[in-house]
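Novice: Handing over target08.txt, compact mmCIF, C-alpha atoms and all ligand atoms.
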# COMPACT_ATOMS: atom_id res chain seq x y z
CA MET A 1 5.58 -33.94 -78.08
CA PRO A 2 7.48 -34.12 -74.77
CA ALA A 3 5.62 -33.14 -71.61
CA ASN A 4 8.46 -30.92 -70.27
CA LEU A 5 7.32 -31.08 -66.68
CA PRO A 6 9.11 -28.89 -64.13
CA PRO A 7 11.63 -30.84 -61.96
CA HIS A 8 9.69 -30.42 -58.72
CA TYR A 9 6.64 -32.01 -60.37
CA TYR A 10 8.23 -35.46 -59.91
CA GLU A 11 9.01 -34.77 -56.25
CA LEU A 12 5.42 -33.71 -55.59
CA GLU A 13 4.14 -36.72 -57.53
CA ARG A 14 6.03 -39.05 -55.17
CA VAL A 15 4.40 -37.33 -52.17
CA PHE A 16 1.02 -37.58 -53.91
CA LYS A 17 1.41 -41.31 -54.51
CA ALA A 18 2.37 -41.99 -50.89
CA GLU A 19 -0.41 -39.84 -49.36
CA LYS A 20 -3.26 -41.82 -47.76
CA ASP A 21 -5.60 -39.06 -46.56
CA PRO A 22 -8.06 -38.43 -49.45
CA LYS A 23 -8.43 -34.70 -48.69
CA GLU A 24 -4.70 -34.09 -48.73
CA LYS A 25 -4.37 -36.33 -51.80
CA LEU A 26 -7.02 -34.21 -53.54
CA ARG A 27 -5.17 -31.02 -52.68
CA LEU A 28 -1.91 -32.47 -54.00
CA ALA A 29 -3.64 -33.63 -57.19
CA ARG A 30 -4.91 -30.08 -57.80
CA GLU A 31 -1.42 -28.75 -57.20
CA LEU A 32 0.05 -31.24 -59.70
CA LEU A 33 -2.51 -30.23 -62.32
CA ALA A 34 -1.64 -26.57 -61.76
CA LEU A 35 2.05 -27.37 -62.24
CA MET A 36 1.52 -29.06 -65.63
CA PRO A 37 2.34 -26.81 -68.55
CA LYS A 38 -0.80 -26.59 -70.70
CA HIS A 39 0.11 -27.81 -74.19
CA LYS A 40 -0.45 -30.78 -76.52
CA GLY A 41 2.31 -32.80 -74.89
CA THR A 42 0.49 -32.87 -71.56
CA ASP A 43 -3.08 -33.36 -72.86
CA LYS A 44 -3.22 -37.00 -71.82
CA LEU A 45 -1.55 -36.36 -68.47
CA GLN A 46 -3.97 -33.50 -67.76
CA ALA A 47 -6.98 -35.67 -68.59
CA GLU A 48 -5.71 -38.45 -66.31
CA MET A 49 -5.13 -36.03 -63.43
CA LYS A 50 -8.58 -34.48 -63.91
CA ALA A 51 -10.11 -37.97 -63.68
CA LYS A 52 -8.17 -38.63 -60.45
CA ILE A 53 -9.33 -35.29 -59.03
CA SER A 54 -12.94 -36.08 -59.85
CA LYS A 55 -12.67 -39.51 -58.17
CA LEU A 56 -10.96 -38.10 -55.07
CA ASN A 57 -13.52 -35.31 -54.86
CA LYS A 58 -16.36 -37.84 -54.78
CA GLU A 59 -14.54 -39.78 -52.08
CA VAL A 60 -14.00 -36.67 -49.94
CA VAL A 61 -17.59 -35.43 -50.35
CA SER A 62 -19.07 -38.80 -49.40
CA GLY A 63 -16.75 -38.96 -46.39
CA GLY A 64 -15.09 -42.09 -47.76
CA LYS A 65 -18.32 -44.10 -47.51
CA LYS A 66 -19.23 -45.63 -50.86
CA GLY A 67 -22.85 -44.75 -51.59
CA GLY A 68 -23.07 -42.84 -48.32
CA ALA A 69 -24.95 -39.56 -47.91
CA ALA A 70 -23.12 -36.76 -49.69
CA ARG A 71 -22.00 -33.90 -47.46
CA SER A 72 -22.72 -30.66 -49.21
CA GLU A 73 -20.08 -28.50 -47.51
CA THR A 74 -16.35 -28.83 -47.92
CA LEU A 75 -14.80 -27.60 -44.71
CA ASP A 76 -11.27 -27.38 -46.06
CA HIS A 77 -11.96 -24.35 -48.24
CA VAL A 78 -13.37 -20.90 -47.59
CA ASP A 79 -14.01 -18.78 -50.69
CA LYS A 80 -11.81 -15.71 -50.59
CA GLU A 81 -13.36 -12.26 -50.29
CA GLY A 82 -11.83 -8.82 -49.93
CA ALA A 83 -8.19 -7.78 -50.01
CA GLY A 84 -6.82 -10.88 -48.26
CA GLN A 85 -7.79 -14.00 -46.34
CA VAL A 86 -6.42 -14.29 -42.80
CA VAL A 87 -6.90 -17.46 -40.76
CA LEU A 88 -7.02 -17.34 -36.94
CA ILE A 89 -5.59 -20.53 -35.50
CA GLY A 90 -4.40 -21.62 -32.08
CA PRO A 91 -4.89 -23.73 -29.00
CA PRO A 92 -8.34 -24.13 -27.38
CA ASN A 93 -9.86 -21.16 -25.57
CA SER A 94 -7.19 -18.66 -26.63
CA GLY A 95 -9.73 -16.11 -27.90
CA LYS A 96 -9.91 -16.76 -31.67
CA SER A 97 -13.70 -16.52 -31.78
CA SER A 98 -13.68 -13.42 -29.54
CA LEU A 99 -11.36 -11.67 -32.03
CA LEU A 100 -13.59 -12.60 -34.99
CA ASP A 101 -16.57 -11.31 -33.01
CA ALA A 102 -14.86 -8.03 -32.07
CA LEU A 103 -13.44 -7.27 -35.52
CA THR A 104 -16.07 -8.48 -38.00
CA ASN A 105 -19.78 -8.73 -38.63
CA ALA A 106 -19.71 -12.50 -37.94
CA LYS A 107 -21.30 -13.84 -34.76
CA PRO A 108 -19.31 -16.85 -33.54
CA LEU A 109 -20.01 -18.82 -30.39
CA ILE A 110 -17.72 -17.61 -27.58
CA ALA A 111 -17.44 -19.89 -24.57
CA ASP A 112 -15.27 -20.41 -21.53
CA TYR A 113 -14.97 -24.11 -22.39
CA SER A 114 -12.63 -25.61 -24.99
CA TYR A 115 -13.81 -26.88 -28.39
CA ALA A 116 -16.81 -24.52 -28.67
CA THR A 117 -15.85 -23.74 -32.29
CA ARG A 118 -16.58 -26.77 -34.47
CA GLU A 119 -16.23 -25.37 -37.98
CA PRO A 120 -14.47 -22.55 -39.85
CA LEU A 121 -16.42 -19.30 -39.86
CA ALA A 122 -15.53 -16.22 -41.91
CA GLY A 123 -16.27 -12.54 -41.41
CA MET A 124 -15.18 -9.28 -43.03
CA MET A 125 -13.07 -6.73 -41.16
CA SER A 126 -12.84 -3.13 -42.40
CA TYR A 127 -9.44 -1.53 -42.42
CA GLU A 128 -9.26 2.03 -43.75
CA THR A 129 -10.45 1.78 -47.38
CA ILE A 130 -10.45 -2.03 -47.68
CA SER A 131 -12.06 -5.17 -46.26
CA ILE A 132 -10.00 -8.12 -45.06
CA GLN A 133 -11.50 -11.57 -44.50
CA LEU A 134 -10.88 -13.25 -41.13
CA VAL A 135 -11.52 -16.99 -40.72
CA ASP A 136 -12.08 -18.42 -37.22
CA THR A 137 -11.28 -22.11 -36.81
CA PRO A 138 -11.53 -25.00 -34.34
CA PRO A 139 -8.57 -25.37 -31.96
CA ILE A 140 -5.44 -27.43 -32.51
CA SER A 141 -4.48 -29.50 -29.47
CA PRO A 142 -3.45 -33.05 -28.52
CA ASP A 143 -7.19 -33.81 -28.21
CA LEU A 144 -8.29 -32.39 -31.54
CA PHE A 145 -6.84 -31.92 -34.96
CA GLU A 146 -9.18 -31.49 -37.90
CA ASN A 147 -7.44 -32.61 -41.09
CA TYR A 148 -9.26 -29.96 -43.08
CA MET A 149 -7.28 -27.32 -41.15
CA LEU A 150 -4.36 -28.10 -43.46
CA GLY A 151 -6.38 -27.01 -46.48
CA ILE A 152 -7.68 -23.90 -44.73
CA ILE A 153 -4.19 -22.80 -43.66
CA ARG A 154 -2.56 -23.57 -47.00
CA ASN A 155 -5.18 -21.48 -48.83
CA ALA A 156 -4.93 -18.45 -46.55
CA ASP A 157 -2.84 -15.38 -47.37
CA LEU A 158 -1.77 -14.94 -43.75
CA VAL A 159 -1.89 -16.96 -40.52
CA CYS A 160 -2.55 -15.35 -37.14
CA MET A 161 -1.42 -17.66 -34.38
CA VAL A 162 -3.62 -16.65 -31.44
CA ALA A 163 -2.00 -17.41 -28.07
CA GLY A 164 -3.97 -16.81 -24.88
CA VAL A 165 -1.10 -15.40 -22.84
CA SER A 166 -2.96 -15.51 -19.52
CA ASP A 167 -4.04 -19.15 -20.09
CA ASN A 168 -2.29 -21.91 -18.15
CA GLY A 169 0.40 -23.66 -20.19
CA CYS A 170 0.29 -21.02 -22.94
CA ALA A 171 3.86 -21.64 -24.19
CA GLU A 172 3.43 -25.44 -24.49
CA ARG A 173 0.04 -25.07 -26.17
CA VAL A 174 1.44 -22.70 -28.78
CA LYS A 175 4.46 -24.94 -29.37
CA TYR A 176 2.12 -27.88 -29.92
CA VAL A 177 0.37 -26.01 -32.75
CA PHE A 178 3.66 -25.09 -34.49
CA ASP A 179 4.96 -28.67 -34.14
CA LYS A 180 1.75 -30.39 -35.17
CA LEU A 181 1.53 -28.34 -38.36
CA ALA A 182 5.22 -28.85 -39.16
CA GLU A 183 4.67 -32.61 -38.80
CA ARG A 184 1.93 -32.23 -41.44
CA ARG A 185 4.28 -30.25 -43.72
CA VAL A 186 2.88 -26.78 -42.97
CA ILE A 187 5.65 -24.48 -41.73
CA LEU A 188 4.59 -21.28 -39.97
CA THR A 189 7.23 -18.67 -40.67
CA HIS A 190 7.73 -14.92 -40.17
CA THR A 191 9.39 -14.49 -43.58
CA LEU A 192 8.63 -16.58 -46.63
CA PRO A 193 11.69 -18.27 -48.18
CA ASP A 194 12.60 -17.45 -51.80
CA GLU A 195 10.80 -19.89 -54.07
CA ASP A 196 14.02 -21.10 -55.70
CA LYS A 197 15.46 -21.94 -52.26
CA ILE A 198 12.68 -24.39 -51.36
CA ASP A 199 14.16 -27.89 -51.67
CA ASP A 200 11.02 -29.80 -50.74
CA PRO A 201 7.96 -28.67 -52.74
CA SER A 202 5.60 -30.67 -50.54
CA LEU A 203 6.23 -28.20 -47.67
CA ALA A 204 3.91 -25.21 -47.45
CA HIS A 205 5.52 -22.17 -45.82
CA LYS A 206 2.90 -19.82 -44.44
CA LYS A 207 3.56 -16.26 -43.39
CA THR A 208 2.48 -15.96 -39.75
CA ILE A 209 2.12 -13.31 -37.08
CA ILE A 210 1.63 -14.14 -33.41
CA VAL A 211 -1.21 -12.62 -31.44
CA ALA A 212 -0.48 -12.38 -27.71
CA HIS A 213 -4.17 -12.27 -26.78
CA LYS A 214 -5.67 -11.72 -23.31
CA ILE A 215 -2.68 -9.54 -22.35
CA TYR A 216 -4.64 -8.58 -19.24
CA ASP A 217 -5.63 -11.49 -17.02
CA GLU A 218 -8.83 -11.50 -15.00
CA GLY A 219 -7.16 -9.44 -12.27
CA GLY A 220 -6.15 -6.81 -14.87
CA GLU A 221 -2.47 -7.77 -14.60
CA LEU A 222 -0.37 -7.42 -17.79
CA ARG A 223 0.72 -10.90 -19.02
CA SER A 224 3.10 -12.48 -21.53
CA CYS A 225 4.21 -16.07 -21.94
CA GLY A 226 7.72 -15.73 -23.33
CA LEU A 227 6.59 -15.58 -26.96
CA SER A 228 9.23 -13.04 -28.03
CA GLU A 229 12.01 -15.31 -26.67
CA ASP A 230 10.50 -18.50 -28.14
CA TYR A 231 9.67 -17.02 -31.56
CA PRO A 232 12.34 -14.45 -32.46
CA GLY A 233 11.74 -12.62 -35.73
CA PHE A 234 7.96 -12.96 -35.60
CA THR A 235 5.70 -9.93 -35.36
CA ILE A 236 3.99 -10.29 -31.99
CA VAL A 237 1.00 -8.08 -31.32
CA GLY A 238 -0.55 -7.82 -27.86
CA THR A 239 -4.36 -7.76 -27.85
CA SER A 240 -7.27 -7.68 -25.45
CA ILE A 241 -10.98 -7.60 -26.17
CA LEU A 242 -11.21 -5.00 -23.42
CA ASP A 243 -8.78 -2.56 -25.07
CA GLU A 244 -9.88 -1.00 -28.38
CA GLY A 245 -6.39 0.44 -29.03
CA THR A 246 -4.84 -3.03 -29.09
CA LEU A 247 -7.44 -4.18 -31.63
CA GLU A 248 -6.54 -1.25 -33.88
CA ASN A 249 -2.86 -2.25 -33.62
CA PHE A 250 -3.82 -5.78 -34.57
CA LYS A 251 -5.65 -4.61 -37.69
CA LYS A 252 -2.64 -2.57 -38.74
CA ALA A 253 -0.31 -5.52 -38.10
CA ILE A 254 -2.51 -7.71 -40.32
CA PHE A 255 -2.47 -5.14 -43.13
CA THR A 256 1.33 -4.78 -42.90
CA ALA A 257 1.88 -8.54 -42.87
CA LEU A 258 -0.40 -9.09 -45.87
CA ASP A 259 2.18 -7.12 -47.85
CA ILE A 260 -0.20 -5.50 -50.31
CA ILE A 261 -0.63 -2.04 -51.79
CA ARG A 262 -3.84 -0.18 -52.60
CA VAL A 263 -4.07 1.79 -55.80
CA TYR A 264 -7.10 4.01 -56.44
CA THR A 265 -8.49 4.78 -59.86
CA LYS A 266 -9.95 7.94 -61.30
CA THR A 267 -11.61 8.60 -64.62
CA ILE A 268 -10.68 11.68 -66.63
CA GLY A 269 -12.43 14.77 -65.27
CA HIS A 270 -13.70 13.04 -62.10
CA GLU A 271 -12.55 12.68 -58.50
CA ALA A 272 -10.66 9.53 -57.47
CA ASP A 273 -12.73 6.56 -56.30
CA PHE A 274 -11.56 5.62 -52.81
CA SER A 275 -14.18 2.91 -52.27
CA ASP A 276 -12.75 0.04 -54.28
CA PRO A 277 -8.96 0.08 -54.70
CA ILE A 278 -7.00 -2.30 -56.88
CA ILE A 279 -5.05 -4.63 -54.55
CA LEU A 280 -1.54 -5.43 -55.79
CA LYS A 281 1.77 -6.83 -54.59
CA PRO A 282 4.35 -4.18 -53.61
CA GLU A 283 6.53 -3.07 -56.55
CA SER A 284 3.71 -3.69 -59.04
CA THR A 285 3.74 -1.60 -62.20
CA VAL A 286 1.12 0.51 -63.91
CA GLU A 287 0.78 -2.30 -66.47
CA GLN A 288 -0.02 -4.82 -63.73
CA ALA A 289 -2.63 -2.44 -62.30
CA ALA A 290 -4.20 -2.11 -65.75
CA PHE A 291 -4.19 -5.87 -66.14
CA ALA A 292 -5.84 -6.37 -62.74
CA LEU A 293 -8.58 -3.99 -63.80
CA HIS A 294 -9.21 -5.52 -67.20
CA LYS A 295 -7.09 -7.47 -69.67
CA ASP A 296 -8.17 -5.18 -72.53
CA PHE A 297 -7.06 -2.17 -70.58
CA ALA A 298 -3.51 -3.44 -70.49
CA TYR A 299 -3.47 -4.04 -74.27
CA ARG A 300 -5.00 -0.69 -75.20
CA PHE A 301 -2.93 1.28 -72.70
CA GLN A 302 -1.27 4.51 -73.97
CA TYR A 303 -0.07 6.19 -70.77
CA ALA A 304 -1.29 6.98 -67.26
CA LYS A 305 -1.33 9.96 -64.93
CA ILE A 306 -0.39 9.44 -61.28
CA TRP A 307 -1.08 11.31 -58.05
CA GLY A 308 0.63 10.24 -54.83
CA GLU A 309 3.41 10.82 -52.37
CA GLY A 310 6.69 11.83 -54.01
CA LYS A 311 5.10 12.45 -57.42
CA PHE A 312 4.09 15.59 -59.25
CA ASP A 313 0.30 15.78 -59.28
CA GLY A 314 -0.89 14.21 -62.48
CA GLN A 315 2.61 13.09 -63.45
CA ARG A 316 2.53 11.30 -66.81
CA VAL A 317 4.01 7.77 -66.63
CA GLN A 318 4.52 4.72 -68.82
CA LYS A 319 3.45 1.15 -68.12
CA THR A 320 6.73 0.16 -66.42
CA PHE A 321 6.25 2.80 -63.67
CA VAL A 322 6.35 1.23 -60.18
CA LEU A 323 3.36 2.02 -57.94
CA SER A 324 3.20 2.69 -54.19
CA ASP A 325 0.44 2.19 -51.61
CA GLY A 326 -2.12 4.99 -51.88
CA ASP A 327 -1.31 6.08 -55.43
CA ILE A 328 -4.14 7.36 -57.62
CA ILE A 329 -4.02 6.37 -61.26
CA GLU A 330 -5.83 7.71 -64.33
CA PHE A 331 -5.57 5.45 -67.37
CA HIS A 332 -5.42 6.90 -70.87
CA ILE A 333 -6.25 4.34 -73.56
N1 LIG B 401 -9.29 -11.83 -20.03
C1 LIG B 401 -9.69 -11.99 -21.31
N2 LIG B 401 -10.50 -13.03 -21.65
C2 LIG B 401 -10.85 -13.19 -22.94
C3 LIG B 401 -10.40 -12.28 -23.95
N3 LIG B 401 -10.88 -12.70 -25.14
C4 LIG B 401 -11.62 -13.80 -24.89
N4 LIG B 401 -11.61 -14.11 -23.57
C5 LIG B 401 -12.30 -15.24 -22.92
O1 LIG B 401 -11.63 -16.45 -23.26
C6 LIG B 401 -12.57 -17.52 -23.40
C7 LIG B 401 -12.40 -18.22 -24.74
O2 LIG B 401 -12.74 -17.33 -25.77
P1 LIG B 401 -13.08 -17.84 -27.24
O3 LIG B 401 -13.09 -16.63 -28.11
O4 LIG B 401 -14.29 -18.72 -27.27
O5 LIG B 401 -11.77 -18.73 -27.53
P2 LIG B 401 -11.47 -19.74 -28.76
O6 LIG B 401 -11.70 -21.10 -28.24
O7 LIG B 401 -10.02 -19.53 -29.09
O8 LIG B 401 -12.37 -19.39 -29.88
C8 LIG B 401 -13.96 -16.89 -23.20
O9 LIG B 401 -14.37 -17.14 -21.88
C9 LIG B 401 -13.71 -15.43 -23.45
O10 LIG B 401 -14.64 -14.62 -22.75
C10 LIG B 401 -9.56 -11.19 -23.55
O11 LIG B 401 -9.11 -10.35 -24.34
N5 LIG B 401 -9.23 -11.10 -22.23
MG MG B 402 -13.63 -20.55 -30.84
As a first step, turn the structure in this file into structure tokens.
Ligand SMILES: Nc1nc2c(ncn2[C@@H]2O[C@H](COP(=O)(O)OP(=O)(O)O)[C@@H](O)[C@H]2O)c(=O)[nH]1
Ligand SMILES: [Mg+2]

Specialist:
Amino acid sequence: MPANLPPHYYELERVFKAEKDPKEKLRLARELLALMPKHKGTDKLQAEMKAKISKLNKEVVSGGKKGGAARSETLDHVDKEGAGQVVLIGPPNSGKSSLLDALTNAKPLIADYSYATREPLAGMMSYETISIQLVDTPPISPDLFENYMLGIIRNADLVCMVAGVSDNGCAERVKYVFDKLAERRVILTHTLPDEDKIDDPSLAHKKTIIVAHKIYDEGGELRSCGLSEDYPGFTIVGTSILDEGTLENFKKAIFTALDIIRVYTKTIGHEADFSDPIILKPESTVEQAAFALHKDFAYRFQYAKIWGEGKFDGQRVQKTFVLSDGDIIEFHI
């Protein structure tokens, strides 16, 4: 039986074979396995790739030292929680840890010296009816680049590039981060390209917003460092730890950039449950909402009733009905 591998599999395989860094090689191996169609024709190929993954995993965990002490943590991956995972990256001292501290329950080390943050640290941020996960990270600069940052960024749903606009050399420091990541095949972009227009599958395009942090310098003067001229098209949100309103704007900008909708459920004869919405991509249908809730639900589905803006209360709809943010849905099975 032929394997019928997708054309970009071979491209990615070439990149995989040439890659020397075991962590990146491991990530590429997992990607290749995910790309393989799962049928009899690829059984052998799948088994071989799984064996490679297992070998690379051992190598990464032992830090490349044969027989060396195994490190329990893998820094290149943070388990996702909540409605989306947002990674805060940027040059040293720009205020990444201060933002995590101000917006979540996490307690990072904040310091006026560079390189205080040594490892990724996650915290949960509440936004209206949902929680969004923020991940603080070590800086990216000519003096420090942690390879695991590539894994962290590739896994995230959204990147926030935190620029300290009252820091000396802000523009160059931010440019360094964009360039360094591009050199490692991670492209920070304001709009994701259509999947069928991506020529090089080894590139990861990551949706990014820019945070113009420390908009007030120590003298209270309003600052900027030319970000809107240097990065046209990007959402740029001005923030300061000292100004609660700017932090609220930042939360809203994150929610908007995540590009998700919240759909609430209600059971027949009860009020809607606003505590735990189903998180979906925009333009999702009632069927996709049912599927996200439970596979069985989607199969047994008869019809649904919808409440929301621009609908009649309790309007009866079929599974192809397209949902909007804030809709309430009652499944009838
Ligand atoms: N003026 C001003 N300083 C800030 C602000 N946020 C953080 N800082 C200071 O900037 C320095 C670096 O902050 P930190 O959060 O550790 O930066 P990180 O290295 O990017 O994690 C600390 O001295 C903070 O007190 C802000 O909004 N305005
Ligand atoms: Mg920090």

Novice: Here is a test: counting only C-alpha atoms and all ligand atoms, which residue of A:Leu99, A:Ile278, A:Leu293, A:Val87 is nearest to ligand LIG 401 (chain B)?

Specialist: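 Among the listed residues, the smallest separation from ligand LIG 401 (chain B) belongs to A:Leu99.
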
Novice: For A:Val263, which residue among A:Thr285, A:Ser324, A:Thr235, A:Gln315 is the nearest when counting all atoms listed in the file?

Specialist: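 Closest to A:Val263, using all atoms listed in the file: A:Ser324.
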
Novice: Please, which residues have at least one atom within 8 Å of an atom of ligand MG 402 (chain B), using only C-alpha atoms and all ligand atoms, listed as a ChimeraX atom specification?

Specialist: /A:92-98,108-111,114-118,136-139

Novice: Report as JSON the centre and the edge lengths, in Å to one decimal, of the axis-aligned box holding every listed atom of stretch 54-57 of chain A, padded by 6 Å on each side.

Specialist:
{"center_x": -12.2, "center_y": -37.4, "center_z": -57.4, "size_x": 14.6, "size_y": 16.2, "size_z": 17.0}

Novice: Might you pull out every residue within 12 Å of A:Asp21, with all atoms listed in the file counted and same-chain residues fewer than 6 positions away left off, and present them as a list in words?

Specialist: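 Non-adjacent residues within range: Val15, Arg27, Leu28, Leu56, Glu59, Val60, Gly63, Gly64, Asn147, Tyr148, Leu150 and Arg184 of chain A.
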
Novice: Please write the residues from the selection above to a file, keeping C-alpha atoms, as a PDB file, keeping the file's coordinate frame.

Specialist:
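Final file, result39.pdb:
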ATOM      1  CA  VAL A  15       4.400 -37.330 -52.170  1.00  0.00           C
ATOM      2  CA  ARG A  27      -5.170 -31.020 -52.680  1.00  0.00           C
ATOM      3  CA  LEU A  28      -1.910 -32.470 -54.000  1.00  0.00           C
ATOM      4  CA  LEU A  56     -10.960 -38.100 -55.070  1.00  0.00           C
ATOM      5  CA  GLU A  59     -14.540 -39.780 -52.080  1.00  0.00           C
ATOM      6  CA  VAL A  60     -14.000 -36.670 -49.940  1.00  0.00           C
ATOM      7  CA  GLY A  63     -16.750 -38.960 -46.390  1.00  0.00           C
ATOM      8  CA  GLY A  64     -15.090 -42.090 -47.760  1.00  0.00           C
ATOM      9  CA  ASN A 147      -7.440 -32.610 -41.090  1.00  0.00           C
ATOM     10  CA  TYR A 148      -9.260 -29.960 -43.080  1.00  0.00           C
ATOM     11  CA  LEU A 150      -4.360 -28.100 -43.460  1.00  0.00           C
ATOM     12  CA  ARG A 184       1.930 -32.230 -41.440  1.00  0.00           C
TER      13      ARG A 184
END
